[in-house]
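Text of model14.pdb, listed as PDB, C-alpha atoms, pLDDT in the B column:
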ATOM      1  CA  MET L   1     158.702  73.449  71.235  1.00 52.00           C
ATOM      2  CA  SER L   2     155.568  73.158  73.375  1.00 63.00           C
ATOM      3  CA  ALA L   3     156.533  69.619  74.455  1.00 62.00           C
ATOM      4  CA  GLU L   4     159.831  70.979  75.769  1.00 62.00           C
ATOM      5  CA  LEU L   5     157.983  73.633  77.781  1.00 52.00           C
ATOM      6  CA  VAL L   6     155.606  71.023  79.205  1.00 52.00           C
ATOM      7  CA  ASN L   7     158.539  68.824  80.259  1.00 55.00           C
ATOM      8  CA  LEU L   8     160.305  71.816  81.808  1.00 50.00           C
ATOM      9  CA  ALA L   9     157.161  72.816  83.704  1.00 49.00           C
ATOM     10  CA  ALA L  10     156.643  69.235  84.908  1.00 50.00           C
ATOM     11  CA  SER L  11     160.212  69.009  86.193  1.00 57.00           C
ATOM     12  CA  ASN L  12     159.797  72.313  88.055  1.00 55.00           C
ATOM     13  CA  VAL L  13     156.556  71.114  89.670  1.00 52.00           C
ATOM     14  CA  THR L  14     158.227  67.863  90.743  1.00 57.00           C
ATOM     15  CA  GLY L  15     161.097  69.821  92.318  1.00 59.00           C
ATOM     16  CA  SER L  16     158.635  72.110  94.089  1.00 67.00           C
ATOM     17  CA  LEU L  17     156.701  69.162  95.451  1.00 69.00           C
ATOM     18  CA  GLY L  18     159.932  67.712  96.805  1.00 68.00           C
ATOM     19  CA  ALA L  19     160.660  70.974  98.617  1.00 72.00           C
ATOM     20  CA  VAL L  20     157.149  71.083 100.076  1.00 76.00           C
ATOM     21  CA  ALA L  21     157.425  67.444 101.107  1.00 73.00           C
ATOM     22  CA  TYR L  22     160.681  68.100 102.940  1.00 77.00           C
ATOM     23  CA  GLY L  23     159.224  71.175 104.597  1.00 79.00           C
ATOM     24  CA  LEU L  24     156.326  69.114 105.901  1.00 79.00           C
ATOM     25  CA  ALA L  25     158.659  66.279 106.897  1.00 78.00           C
ATOM     26  CA  ALA L  26     160.765  68.691 108.971  1.00 83.00           C
ATOM     27  CA  ILE L  27     157.842  69.825 111.137  1.00 88.00           C
ATOM     28  CA  GLY L  28     157.571  66.604 113.148  1.00 87.00           C
ATOM     29  CA  PRO L  29     161.265  66.236 113.984  1.00 89.00           C
ATOM     30  CA  GLY L  30     161.424  69.946 114.856  1.00 89.00           C
ATOM     31  CA  VAL L  31     158.643  69.541 117.383  1.00 92.00           C
ATOM     32  CA  GLY L  32     160.154  66.276 118.641  1.00 91.00           C
ATOM     33  CA  ILE L  33     163.568  67.829 119.211  1.00 93.00           C
ATOM     34  CA  GLY L  34     161.980  70.700 121.119  1.00 94.00           C
ATOM     35  CA  VAL L  35     160.092  68.270 123.340  1.00 95.00           C
ATOM     36  CA  VAL L  36     163.188  66.125 123.952  1.00 94.00           C
ATOM     37  CA  PHE L  37     165.376  69.056 124.994  1.00 95.00           C
ATOM     38  CA  GLY L  38     162.614  70.759 126.981  1.00 96.00           C
ATOM     39  CA  HIS L  39     161.823  67.697 129.056  1.00 96.00           C
ATOM     40  CA  SER L  40     165.505  66.875 129.499  1.00 96.00           C
ATOM     41  CA  ILE L  41     166.220  70.313 130.914  1.00 96.00           C
ATOM     42  CA  GLU L  42     163.224  69.984 133.199  1.00 97.00           C
ATOM     43  CA  ALA L  43     164.421  66.567 134.387  1.00 96.00           C
ATOM     44  CA  MET L  44     167.949  67.877 135.016  1.00 96.00           C
ATOM     45  CA  ALA L  45     166.539  70.739 137.059  1.00 96.00           C
ATOM     46  CA  ARG L  46     164.503  68.324 139.174  1.00 96.00           C
ATOM     47  CA  GLN L  47     167.247  65.740 139.700  1.00 96.00           C
ATOM     48  CA  PRO L  48     170.738  67.165 139.135  1.00 95.00           C
ATOM     49  CA  GLU L  49     172.362  63.933 140.344  1.00 97.00           C
ATOM     50  CA  ALA L  50     170.864  62.046 137.380  1.00 96.00           C
ATOM     51  CA  MET L  51     172.301  64.495 134.845  1.00 96.00           C
ATOM     52  CA  PRO L  52     174.701  62.049 133.074  1.00 95.00           C
ATOM     53  CA  VAL L  53     171.935  59.518 132.411  1.00 96.00           C
ATOM     54  CA  ILE L  54     169.472  62.193 131.341  1.00 96.00           C
ATOM     55  CA  ARG L  55     172.023  63.797 129.015  1.00 96.00           C
ATOM     56  CA  THR L  56     172.775  60.435 127.372  1.00 96.00           C
ATOM     57  CA  ASN L  57     169.085  59.786 126.805  1.00 95.00           C
ATOM     58  CA  MET L  58     168.613  63.348 125.567  1.00 95.00           C
ATOM     59  CA  PHE L  59     171.229  62.944 122.831  1.00 96.00           C
ATOM     60  CA  LEU L  60     169.812  59.536 121.899  1.00 95.00           C
ATOM     61  CA  GLY L  61     166.348  61.062 121.523  1.00 93.00           C
ATOM     62  CA  PHE L  62     167.798  63.944 119.514  1.00 94.00           C
ATOM     63  CA  ALA L  63     169.551  61.540 117.149  1.00 94.00           C
ATOM     64  CA  LEU L  64     166.375  59.515 116.603  1.00 92.00           C
ATOM     65  CA  CYS L  65     164.362  62.662 115.846  1.00 90.00           C
ATOM     66  CA  GLU L  66     167.045  63.941 113.494  1.00 90.00           C
ATOM     67  CA  VAL L  67     166.991  60.669 111.546  1.00 91.00           C
ATOM     68  CA  LEU L  68     163.371  61.365 110.674  1.00 86.00           C
ATOM     69  CA  ALA L  69     164.329  64.732 109.206  1.00 86.00           C
ATOM     70  CA  LEU L  70     167.120  63.154 107.177  1.00 87.00           C
ATOM     71  CA  LEU L  71     164.724  60.497 105.870  1.00 86.00           C
ATOM     72  CA  GLY L  72     162.379  63.274 104.815  1.00 81.00           C
ATOM     73  CA  LEU L  73     165.242  64.870 102.912  1.00 81.00           C
ATOM     74  CA  VAL L  74     166.277  61.657 101.159  1.00 82.00           C
ATOM     75  CA  ALA L  75     162.809  60.231 100.395  1.00 78.00           C
ATOM     76  CA  PRO L  76     162.006  62.556  97.447  1.00 74.00           C
ATOM     77  CA  PHE L  77     165.274  61.549  95.793  1.00 77.00           C
ATOM     78  CA  ILE L  78     164.596  57.852  96.284  1.00 82.00           C
ATOM     79  CA  PHE L  79     160.959  57.863  95.168  1.00 77.00           C
ATOM     80  CA  GLY L  80     161.247  60.611  92.554  1.00 70.00           C
ATOM     81  CA  LYS L  81     161.240  59.893  88.852  1.00 56.00           C
TER
END
Could the structure of this file be written out as structure tokens, please?
Amino acid sequence: MSAELVNLAASNVTGSLGAVAYGLAAIGPGVGIGVVFGHSIEAMARQPEAMPVIRTNMFLGFALCEVLALLGLVAPFIFGK
């Protein structure tokens, strides 16, 4: 019976570590997305005529930052036991 409890506790710790890992992995992309949108809005305010190019680059930067968050979500499943 004690071996079953140890295995259950180990599986819960592994799941908790995955949640912590994803939480830490989401910090960087969150900051990156804020920077991308903040600077894009600033650039659009300075040069309204360049808005289509800036908007395209803004969404490209957003997509690249979001990929990092998705990798952080998938990595515990790939490298987990």
Result set of the PyMOL selection byres ((chain L and resi 33-41) around 10) on the coordinates above, as a list in words:
Gly28, Pro29, Gly30, Val31, Gly32, Glu42, Ala43, Met44, Ala45, Arg46, Gln47, Pro48, Met51, Ile54, Arg55, Thr56, Asn57, Met58, Phe59, Leu60, Gly61, Phe62, Ala63, Leu64, Cys65 and Glu66 of chain L
Box along x, y and z, 4 Å on every side, all listed atoms of stretch 60-75 of chain L inside: centre and edge lengths in Å to one decimal, as JSON.
{"center_x": 166.1, "center_y": 62.2, "center_z": 111.1, "size_x": 15.4, "size_y": 13.4, "size_z": 29.5}
Taking the file above as input, evaluate the PyMOL selection byres ((chain L and resi 72) around 9) and report the hits as an NGL selection string.
:L and (21-26 or 67-71 or 73-76)
